[in-house]
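Data block for run_26.txt (compact mmCIF, C-alpha atoms):
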```txt
# COMPACT_ATOMS: atom_id res chain seq x y z
CA MET A 1 71.55 4.07 122.55
CA ALA A 2 73.64 4.78 119.49
CA ILE A 3 76.86 6.68 119.92
CA HIS A 4 77.79 8.90 116.99
CA ALA A 5 81.42 9.63 116.22
CA PRO A 6 82.35 13.33 116.00
CA ALA A 7 82.04 14.75 112.53
CA GLN A 8 85.28 14.90 110.65
CA PRO A 9 86.12 18.18 108.94
CA GLY A 10 85.55 18.08 105.24
CA GLN A 11 88.20 18.51 102.63
CA HIS A 12 86.88 21.99 101.82
CA ASP A 13 87.33 23.21 105.42
CA MET A 14 90.80 21.70 105.64
CA ALA A 15 91.83 23.38 102.39
CA ALA A 16 90.52 26.75 103.60
CA ALA A 17 92.39 26.40 106.89
CA SER A 18 95.56 25.51 105.04
CA ILE A 19 95.24 28.56 102.82
CA ARG A 20 94.72 30.82 105.85
CA ARG A 21 97.81 29.39 107.55
CA ARG A 22 99.93 29.90 104.45
CA LEU A 23 98.63 33.44 104.05
CA ALA A 24 99.33 34.21 107.72
CA ARG A 25 102.89 32.89 107.41
CA LEU A 26 103.41 34.91 104.25
CA LEU A 27 102.17 38.14 105.83
CA TYR A 28 104.16 37.52 109.00
CA ARG A 29 107.39 37.17 107.05
CA ARG A 30 106.73 40.09 104.67
CA GLN A 31 105.97 43.16 106.75
CA THR A 32 106.32 45.40 103.70
CA LEU A 33 103.49 43.54 102.00
CA VAL A 34 101.28 44.04 105.08
CA LEU A 35 102.04 47.77 105.09
CA LEU A 36 101.27 47.97 101.38
CA LEU A 37 97.92 46.23 101.82
CA LEU A 38 97.00 48.58 104.68
CA LEU A 39 97.98 51.74 102.81
CA THR A 40 96.55 50.87 99.40
CA PRO A 41 92.88 51.86 100.12
CA PRO A 42 93.67 55.31 101.64
CA LEU A 43 96.30 55.98 98.98
CA LEU A 44 93.79 55.14 96.26
CA TRP A 45 91.31 57.52 97.89
CA PHE A 46 93.97 60.22 98.13
CA GLY A 47 95.12 59.72 94.57
CA VAL A 48 91.70 59.46 92.92
CA VAL A 49 89.61 61.91 94.95
CA TYR A 50 92.10 64.50 96.20
CA LEU A 51 94.71 64.60 93.44
CA GLY A 52 92.04 63.91 90.84
CA ALA A 53 90.09 66.97 92.00
CA LEU A 54 93.24 69.10 91.85
CA LEU A 55 94.01 67.90 88.32
CA ALA A 56 90.42 68.61 87.27
CA LEU A 57 90.73 72.08 88.77
CA LEU A 58 93.98 72.70 86.94
CA MET A 59 92.42 71.51 83.68
CA GLN A 60 89.45 73.86 84.06
CA SER A 61 91.80 76.79 84.56
CA PHE A 62 92.73 76.47 80.87
CA PHE A 63 89.10 76.56 79.69
CA THR A 64 87.53 79.57 77.99
CA PHE A 65 84.79 81.73 79.50
CA ASP A 66 82.54 83.72 77.18
CA ASP A 67 81.68 87.04 78.83
CA PHE A 68 78.69 87.54 76.50
CA THR A 69 76.96 84.18 76.82
CA MET A 70 78.37 83.40 80.32
CA ALA A 71 79.24 79.92 79.07
CA VAL A 72 82.34 77.82 79.73
CA THR A 73 83.79 76.04 76.72
CA PRO A 74 86.60 73.43 76.76
CA GLU A 75 88.78 75.50 74.42
CA LEU A 76 92.24 75.62 75.93
CA THR A 77 93.70 79.06 76.52
CA LEU A 78 96.29 80.82 78.70
CA ALA A 79 94.21 83.99 79.00
CA ASN A 80 93.27 83.28 82.63
CA PHE A 81 96.89 82.97 83.73
CA ARG A 82 97.92 85.96 81.63
CA ALA A 83 95.34 88.02 83.51
CA ILE A 84 97.15 87.11 86.73
CA ALA A 85 100.82 87.09 85.75
CA ASP A 86 101.17 89.26 82.62
CA PRO A 87 101.81 92.96 83.42
CA ALA A 88 100.63 93.88 79.93
CA ASN A 89 97.17 92.49 80.61
CA PRO A 90 94.57 95.14 81.64
CA LEU A 91 93.42 92.96 84.56
CA PHE A 92 96.93 92.42 85.93
CA GLY A 93 96.89 95.41 88.28
CA ALA A 94 93.68 94.41 90.06
CA ASN A 95 94.64 90.74 90.24
CA ILE A 96 98.16 91.29 91.57
CA ASP A 97 96.69 93.68 94.15
CA ILE A 98 94.47 90.85 95.44
CA VAL A 99 97.44 88.48 95.63
CA LEU A 100 99.68 90.99 97.45
CA ARG A 101 96.91 91.98 99.86
CA THR A 102 96.30 88.35 100.80
CA LEU A 103 100.00 87.53 100.99
CA GLY A 104 100.75 90.54 103.18
CA MET A 105 97.99 89.68 105.64
CA ALA A 106 99.09 86.03 105.80
CA ALA A 107 102.69 87.06 106.53
CA ALA A 108 101.65 89.62 109.18
CA VAL A 109 99.37 87.13 110.95
CA THR A 110 102.10 84.48 110.92
CA VAL A 111 104.69 86.81 112.48
CA ALA A 112 102.24 88.06 115.12
CA CYS A 113 101.13 84.55 116.07
CA ALA A 114 104.77 83.46 116.44
CA LEU A 115 105.59 86.40 118.73
CA ILE A 116 102.52 85.79 120.90
CA ALA A 117 102.72 82.00 120.91
CA PHE A 118 106.38 81.58 121.84
CA PRO A 119 106.14 82.90 125.46
CA ILE A 120 102.96 80.90 126.07
CA ALA A 121 104.48 77.73 124.63
CA TYR A 122 107.70 78.29 126.60
CA TYR A 123 105.80 78.54 129.89
CA MET A 124 103.77 75.45 129.03
CA ALA A 125 106.91 73.44 128.24
CA ARG A 126 109.23 74.62 131.03
CA TYR A 127 107.16 75.71 134.00
CA ALA A 128 103.62 74.30 133.81
CA ARG A 129 103.25 71.10 135.82
CA GLY A 130 100.33 68.85 136.67
CA TRP A 131 96.97 70.59 136.54
CA GLN A 132 98.57 73.75 135.19
CA LYS A 133 99.70 71.98 132.01
CA GLY A 134 96.20 70.53 131.56
CA PHE A 135 94.68 73.96 132.13
CA PHE A 136 96.88 75.51 129.47
CA TYR A 137 96.09 72.74 126.98
CA ILE A 138 92.36 73.23 127.51
CA ALA A 139 92.69 77.03 127.36
CA VAL A 140 94.60 76.83 124.07
CA MET A 141 92.33 74.24 122.45
CA ALA A 142 88.95 75.44 123.76
CA PRO A 143 88.56 78.15 121.07
CA MET A 144 89.13 75.46 118.42
CA TRP A 145 86.03 73.63 119.64
CA ALA A 146 83.75 76.61 118.93
CA SER A 147 82.19 77.16 115.53
CA TYR A 148 84.38 79.14 113.15
CA ILE A 149 81.39 81.11 111.85
CA VAL A 150 80.26 81.97 115.38
CA LYS A 151 83.73 83.26 116.28
CA ALA A 152 83.95 85.39 113.15
CA TYR A 153 80.50 86.93 113.69
CA SER A 154 81.26 87.48 117.39
CA TRP A 155 84.32 89.53 116.50
CA THR A 156 82.24 91.82 114.29
CA VAL A 157 80.27 92.74 117.42
CA ILE A 158 83.35 92.95 119.66
CA LEU A 159 85.18 95.32 117.31
CA ALA A 160 82.17 97.46 116.34
CA LYS A 161 81.67 100.94 117.74
CA GLY A 162 79.90 100.53 121.07
CA GLY A 163 81.47 97.11 121.55
CA ILE A 164 83.60 95.93 124.44
CA VAL A 165 86.89 96.95 122.79
CA TYR A 166 85.78 100.56 122.34
CA TRP A 167 84.45 100.59 125.90
CA LEU A 168 87.77 99.32 127.26
CA VAL A 169 89.74 101.84 125.17
CA GLN A 170 87.55 104.63 126.51
CA VAL A 171 87.97 103.48 130.12
CA LEU A 172 91.77 103.39 129.72
CA GLY A 173 91.81 106.79 128.07
CA LEU A 174 93.32 105.48 124.85
CA THR A 175 90.68 106.79 122.45
CA PRO A 176 93.02 109.38 120.83
CA LEU A 177 95.63 106.67 120.27
CA LEU A 178 93.09 104.35 118.65
CA GLU A 179 91.82 107.13 116.40
CA ALA A 180 95.40 107.92 115.37
CA VAL A 181 96.02 104.27 114.48
CA LEU A 182 92.76 104.02 112.54
CA SER A 183 93.71 107.13 110.55
CA LEU A 184 96.74 105.36 109.05
CA PRO A 185 96.23 104.69 105.32
CA VAL A 186 96.84 100.91 105.20
CA VAL A 187 96.11 99.82 108.75
CA GLY A 188 93.07 101.88 109.66
CA GLY A 189 89.49 102.49 108.67
CA SER A 190 86.33 104.12 109.96
CA SER A 191 86.24 101.66 112.88
CA LEU A 192 88.03 98.57 114.12
CA SER A 193 85.45 96.30 112.50
CA THR A 194 86.05 97.93 109.10
CA SER A 195 89.84 98.21 109.27
CA ASN A 196 92.73 95.98 108.32
CA LEU A 197 93.81 96.15 111.96
CA GLY A 198 90.55 94.54 113.04
CA ARG A 199 90.87 91.90 110.34
CA PHE A 200 94.42 91.21 111.50
CA LEU A 201 93.26 90.82 115.12
CA VAL A 202 90.54 88.33 114.14
CA PHE A 203 92.92 86.25 112.03
CA SER A 204 95.53 86.23 114.81
CA TYR A 205 92.99 85.13 117.40
CA ILE A 206 91.54 82.33 115.28
CA TRP A 207 94.85 80.80 114.15
CA LEU A 208 96.92 81.36 117.33
CA PRO A 209 96.34 77.82 118.74
CA PHE A 210 97.80 76.34 115.55
CA MET A 211 101.05 78.16 116.33
CA ILE A 212 101.20 77.47 120.08
CA LEU A 213 100.98 73.68 119.93
CA PRO A 214 103.84 73.02 117.43
CA ILE A 215 106.14 75.41 119.29
CA GLN A 216 105.28 73.79 122.61
CA ALA A 217 106.01 70.35 121.16
CA ALA A 218 109.37 71.57 119.84
CA LEU A 219 110.30 73.13 123.19
CA GLU A 220 109.42 69.92 125.01
CA ARG A 221 112.13 68.16 123.01
CA VAL A 222 114.88 70.64 123.91
CA PRO A 223 117.07 68.88 126.55
CA LEU A 224 117.32 70.81 129.79
CA SER A 225 120.97 69.72 130.04
CA LEU A 226 121.84 71.92 127.06
CA LEU A 227 120.45 74.99 128.80
CA GLN A 228 122.31 74.11 131.98
CA ALA A 229 125.52 73.55 130.06
CA SER A 230 125.15 76.95 128.39
CA SER A 231 124.69 78.59 131.78
CA ASP A 232 127.69 76.73 133.22
CA LEU A 233 129.83 78.01 130.36
CA GLY A 234 128.99 81.58 131.31
CA ALA A 235 126.29 82.42 128.79
CA ARG A 236 123.71 84.99 129.86
CA PRO A 237 120.00 84.04 129.66
CA ALA A 238 119.50 86.14 126.54
CA GLN A 239 122.54 84.55 124.90
CA THR A 240 121.33 81.06 125.82
CA PHE A 241 117.95 81.83 124.32
CA ARG A 242 119.46 83.21 121.11
CA THR A 243 122.11 80.53 120.53
CA VAL A 244 120.56 77.39 122.05
CA MET A 245 116.82 77.64 122.68
CA LEU A 246 115.67 79.52 119.58
CA PRO A 247 117.60 77.44 116.98
CA LEU A 248 116.30 74.19 118.48
CA ALA A 249 112.73 75.47 118.73
CA PHE A 250 112.71 77.23 115.36
CA PRO A 251 111.42 74.15 113.46
CA GLY A 252 108.35 74.31 115.69
CA VAL A 253 107.86 77.98 114.77
CA VAL A 254 108.09 77.12 111.08
CA ALA A 255 105.71 74.18 111.56
CA GLY A 256 103.16 76.47 113.19
CA SER A 257 103.63 79.04 110.46
CA ILE A 258 102.58 76.45 107.89
CA PHE A 259 99.13 76.41 109.46
CA THR A 260 98.76 80.14 110.10
CA PHE A 261 100.10 81.13 106.67
CA SER A 262 98.12 78.64 104.60
CA LEU A 263 94.86 79.06 106.55
CA THR A 264 95.00 82.85 106.26
CA LEU A 265 95.92 82.61 102.59
CA GLY A 266 92.83 80.59 101.71
CA ASP A 267 90.27 82.11 104.08
CA PHE A 268 87.29 83.95 102.62
CA ILE A 269 84.90 84.30 105.58
CA VAL A 270 86.84 86.71 107.81
CA PRO A 271 87.71 89.11 104.93
CA GLN A 272 84.02 89.14 104.04
CA LEU A 273 82.86 89.95 107.59
CA VAL A 274 85.66 92.09 109.04
CA GLY A 275 87.77 94.79 107.46
CA PRO A 276 87.57 97.27 104.60
CA SER A 277 86.44 96.59 101.07
CA GLY A 278 88.94 94.78 98.91
CA LEU A 279 88.94 91.17 97.81
CA PHE A 280 91.22 88.44 99.12
CA ILE A 281 92.06 85.37 97.05
CA GLY A 282 89.32 83.32 98.73
CA ASN A 283 86.69 86.04 98.19
CA TYR A 284 87.69 86.47 94.56
CA VAL A 285 87.47 82.73 93.87
CA TYR A 286 84.06 82.63 95.57
CA THR A 287 82.84 85.62 93.53
CA MET A 288 84.11 84.25 90.22
CA GLN A 289 82.63 80.81 90.79
CA GLY A 290 79.43 81.66 92.67
CA ALA A 291 78.25 85.05 91.47
CA VAL A 292 79.81 85.41 88.02
CA GLY A 293 80.08 81.75 87.03
CA ASN A 294 83.57 82.22 85.61
CA ILE A 295 84.87 78.85 86.74
CA PRO A 296 88.06 78.96 84.59
CA MET A 297 89.17 82.24 86.18
CA ALA A 298 88.28 80.95 89.64
CA ALA A 299 90.31 77.80 88.97
CA ALA A 300 93.27 79.81 87.70
CA PHE A 301 93.22 82.00 90.82
CA THR A 302 93.01 78.89 93.00
CA VAL A 303 96.33 77.77 91.54
CA VAL A 304 97.98 80.89 93.04
CA PRO A 305 97.69 79.84 96.73
CA VAL A 306 98.52 76.25 95.77
CA VAL A 307 101.80 77.44 94.24
CA LEU A 308 102.54 79.83 97.12
CA ILE A 309 101.89 77.18 99.77
CA GLY A 310 103.93 74.65 97.79
CA LEU A 311 106.91 77.01 97.77
CA TYR A 312 106.40 77.72 101.46
CA LEU A 313 106.27 74.02 102.30
CA ALA A 314 109.49 73.43 100.37
CA LEU A 315 111.18 76.18 102.38
CA ALA A 316 109.72 74.83 105.63
CA ARG A 317 111.02 71.36 104.84
CA ARG A 318 114.52 72.72 104.38
CA LEU A 319 114.21 74.42 107.79
CA GLY A 320 113.23 71.11 109.45
CA ALA A 321 109.65 72.07 110.19
CA PHE A 322 108.22 68.62 109.56
CA ASP A 323 110.39 67.22 112.36
CA ALA A 324 108.33 69.29 114.81
CA LEU A 325 104.89 68.16 113.62
```

The structure in this file should be written as C-alpha cells.
Amino acid sequence: MAIHAPAQPGQHDMAAASIRRRLARLLYRRQTLVLLLLLTPPLLWFGVVYLGALLALLMQSFFTFDDFTMAVTPELTLANFRAIADPANPLFGANIDIVLRTLGMAAAVTVACALIAFPIAYYMARYARGWQKGFFYIAVMAPMWASYIVKAYSWTVILAKGGIVYWLVQVLGLTPLLEAVLSLPVVGGSSLSTSNLGRFLVFSYIWLPFMILPIQAALERVPLSLLQASSDLGARPAQTFRTVMLPLAFPGVVAGSIFTFSLTLGDFIVPQLVGPSGLFIGNYVYTMQGAVGNIPMAAAFTVVPVVLIGLYLALARRLGAFDAL
C-alpha cells in the first residue's frame, strides 16, 4: 500500500498568506487607516447622495419658471429668492407670512414640549427605579412606534366637535372657557380641530418624546453629590434647581429642542389635517412642486428651513447641546 506524503502548499498560497500577514500587521499598527477604510463607504454615500441632493436642490432654486408655459428652464435668476426676501417684491408679504407662521408654531411647540418634558424626565432620572424606569421608557417611546399618519388622523377625530375632548370639557363645565379661547384671533377657530390651538396640541403630542429623552439623559449625568452639596450650603430647593440643576441639564433641553423645532419647521401633514387655512413652509413646498410644478420656487423655499435650522444648530452647539445627545 502506497503512502502519499501530504501536499505541500504551493508558492501562490504562500504568497497570498504572506500578503495577508503583512496587511494585518499594517492595519494593526495604523488604527487611523482602519478607521478611514471603515468610514470611507458611508462618507461617500453621505457626500454623493445626501450633499449631492442638497446641491442639486440649491441649483434648481436659481432656475426660471415660466408661468405661461409651466416649464422650467435652466436660466439662472434670483427672482425666486427675491420673492422671499425682498420687501419690494409683490409676493414678499405672502411668503414672509408663511415663514413667520411656521417659525412661530415651531418656537411655541418647542417651549411647550420643554415645560412638559422636564418634570417627566426629572422623575425618570431621580425617582424611577427598576420596573418603574422601564415603564416610563415604554410609555414615552410607545407613541413613536405608531404610524405618524394614523396619529395625525386620530387627532382630527379627537379634537372635532362631538369628540372626546369636547365631551370632557362639557363634563367639567369648561365649555364657556373653551369658547372664549377659541374666539381669540390668532389662537382660536370654529373648533379645536380647525384652530391653531388644536394644531399646537397635535404637534406637542407628536414631538414630546423627542424632548423627554435628551433631557432625561442630561439629568442622569448630573452628580447627586452636587445637589447634596448645594443643600448642605444652605440653598433652598428652588435655588438649587435654578443654580445647579437647570444649568447642567440645559444642554439636554437644547438638544431636545433641535428635534422639536426642526421637525415642526418641516412638517406638512399636520398643518394640512389640523388647524385653520394658511400654508406652512412644508405645505407651500408641496403645493409648488406637486400641484403647480414650480420646482424652482419650491427649491428656493426649501432653502429657508435649511438656513433656519443651520443657524439654530450653530446656536445649540454653542450652548453645548451636542454633549447631551

ask   = Do you know which residues are at most 12 Å from Val99 (chain A) counting only C-alpha atoms, after dropping those on the same chain fewer than 6 positions away, and could you put them as a count of residues only?
value = 23

Hey, could you make a per-residue contact list for region 205-316 of chain A against region 108-116 of chain A with 10 Å as the cut-off, showing the nearest pair of atoms and its distance in Å to one decimal, counting all atoms listed in the file, sorted by chain and number, as a tab-separated table?
```
residue	atom	partner	partner_atom	distance
A:Tyr205	CA	A:Cys113	CA	8.3
A:Ile206	CA	A:Cys113	CA	9.9
A:Trp207	CA	A:Cys113	CA	7.6
A:Leu208	CA	A:Cys113	CA	5.4
A:Pro209	CA	A:Cys113	CA	8.7
A:Phe210	CA	A:Cys113	CA	8.9
A:Met211	CA	A:Cys113	CA	6.4
A:Ile212	CA	A:Ala114	CA	7.9
A:Ile215	CA	A:Ala114	CA	8.6
A:Gly252	CA	A:Ala114	CA	9.9
A:Val253	CA	A:Ala114	CA	6.5
A:Val254	CA	A:Ala114	CA	8.9
A:Gly256	CA	A:Ala114	CA	7.9
A:Ser257	CA	A:Thr110	CA	5.7
A:Ile258	CA	A:Thr110	CA	8.6
A:Phe259	CA	A:Thr110	CA	8.7
A:Thr260	CA	A:Thr110	CA	5.5
A:Phe261	CA	A:Thr110	CA	5.8
A:Ser262	CA	A:Thr110	CA	9.5
A:Thr264	CA	A:Val109	CA	7.7
```

Per residue of region 247-309 of chain A within 10 Å of region 150-154 of chain A, which atom pair is closest and at what distance in Å (one decimal), using only C-alpha atoms, listed by chain and increasing number, as CSV?
```
residue,atom,partner,partner_atom,distance
A:Ile269,CA,A:Ala152,CA,7.7
A:Val270,CA,A:Ala152,CA,6.2
A:Pro271,CA,A:Ala152,CA,9.8
A:Gln272,CA,A:Ala152,CA,9.9
A:Leu273,CA,A:Tyr153,CA,7.2
A:Val274,CA,A:Ala152,CA,8.0
```

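Shortest separation to Phe241 (chain A) among A:Gly47, A:Arg199, A:Leu227, A:Asp86 occurs at residue A:Leu227, atoms counted being only C-alpha atoms.
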
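Computed from the coordinates, the CA of Ser231 (chain A) to CA of Arg129 (chain A) distance equals 23.1 Å.
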
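Closest approach to Ala107 (chain A) from the set A:Asn89, A:Ser191, A:Ser204, A:Ser183 is made by A:Ser204, with distances taken over all atoms listed in the file.
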
task = Please identify all polymer residues within 12 Å of region 166-180 of chain A, counting all atoms listed in the file, omitting same-chain residues fewer than 4 positions from it, and present them as number ranges by chain.
result = A: 157-162, 184-185, 187-193, 195, 197-198

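Taking all atoms listed in the file into account, those protein, DNA and RNA residues with any atom at most 10 Å away from (118.3, 74.3, 121.7) amount to Ala218, Leu219, Arg221, Val222, Pro223, Leu224, Ser225, Leu226, Leu227, Ser230, Thr240, Phe241, Arg242, Thr243, Val244, Met245, Leu246, Pro247, Leu248, Ala249 and Phe250 of chain A.
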
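The interatomic distance for the pair CA of Glu220 (chain A) and CA of Ala125 (chain A) works out to 5.4 Å.
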
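Comparing A:Gly104, A:Ile149, A:Ala255, A:Ser61 by their smallest distance to Val186 (chain A), the closest is A:Gly104 (using only C-alpha atoms).
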
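Straight-line separation from CA of Met297 (chain A) to CA of Pro90 (chain A): 14.7 Å.
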
key: Which of A:Ala235, A:Leu100, A:Tyr127, A:Val306 sits closest to Leu54 (chain A) [using all atoms listed in the file]   = A:Val306

Would you compute an axis-aligned box for region 94-104 of chain A, covering every atom listed for it in the file with 3 Å of margin on each side, and report centre and edge lengths in Å to one decimal as AutoDock Vina command-line options?
```
--center_x 97.2 --center_y 91.0 --center_z 96.6 --size_x 13.1 --size_y 12.9 --size_z 19.1
```

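Closest approach to Phe63 (chain A) from the set A:Leu311, A:Leu263, A:Ala79, A:Leu182 is made by A:Ala79, with distances taken over all atoms listed in the file.
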
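Residues in contact range of Leu57 (chain A), defined as at most 10 Å between only C-alpha atoms, with sequence neighbours fewer than 3 positions away removed, read Leu51, Gly52, Ala53, Leu54, Gln60, Ser61, Phe62, Ile295, Pro296, Ala298, Ala299, Ala300, Thr302 and Val303 of chain A.
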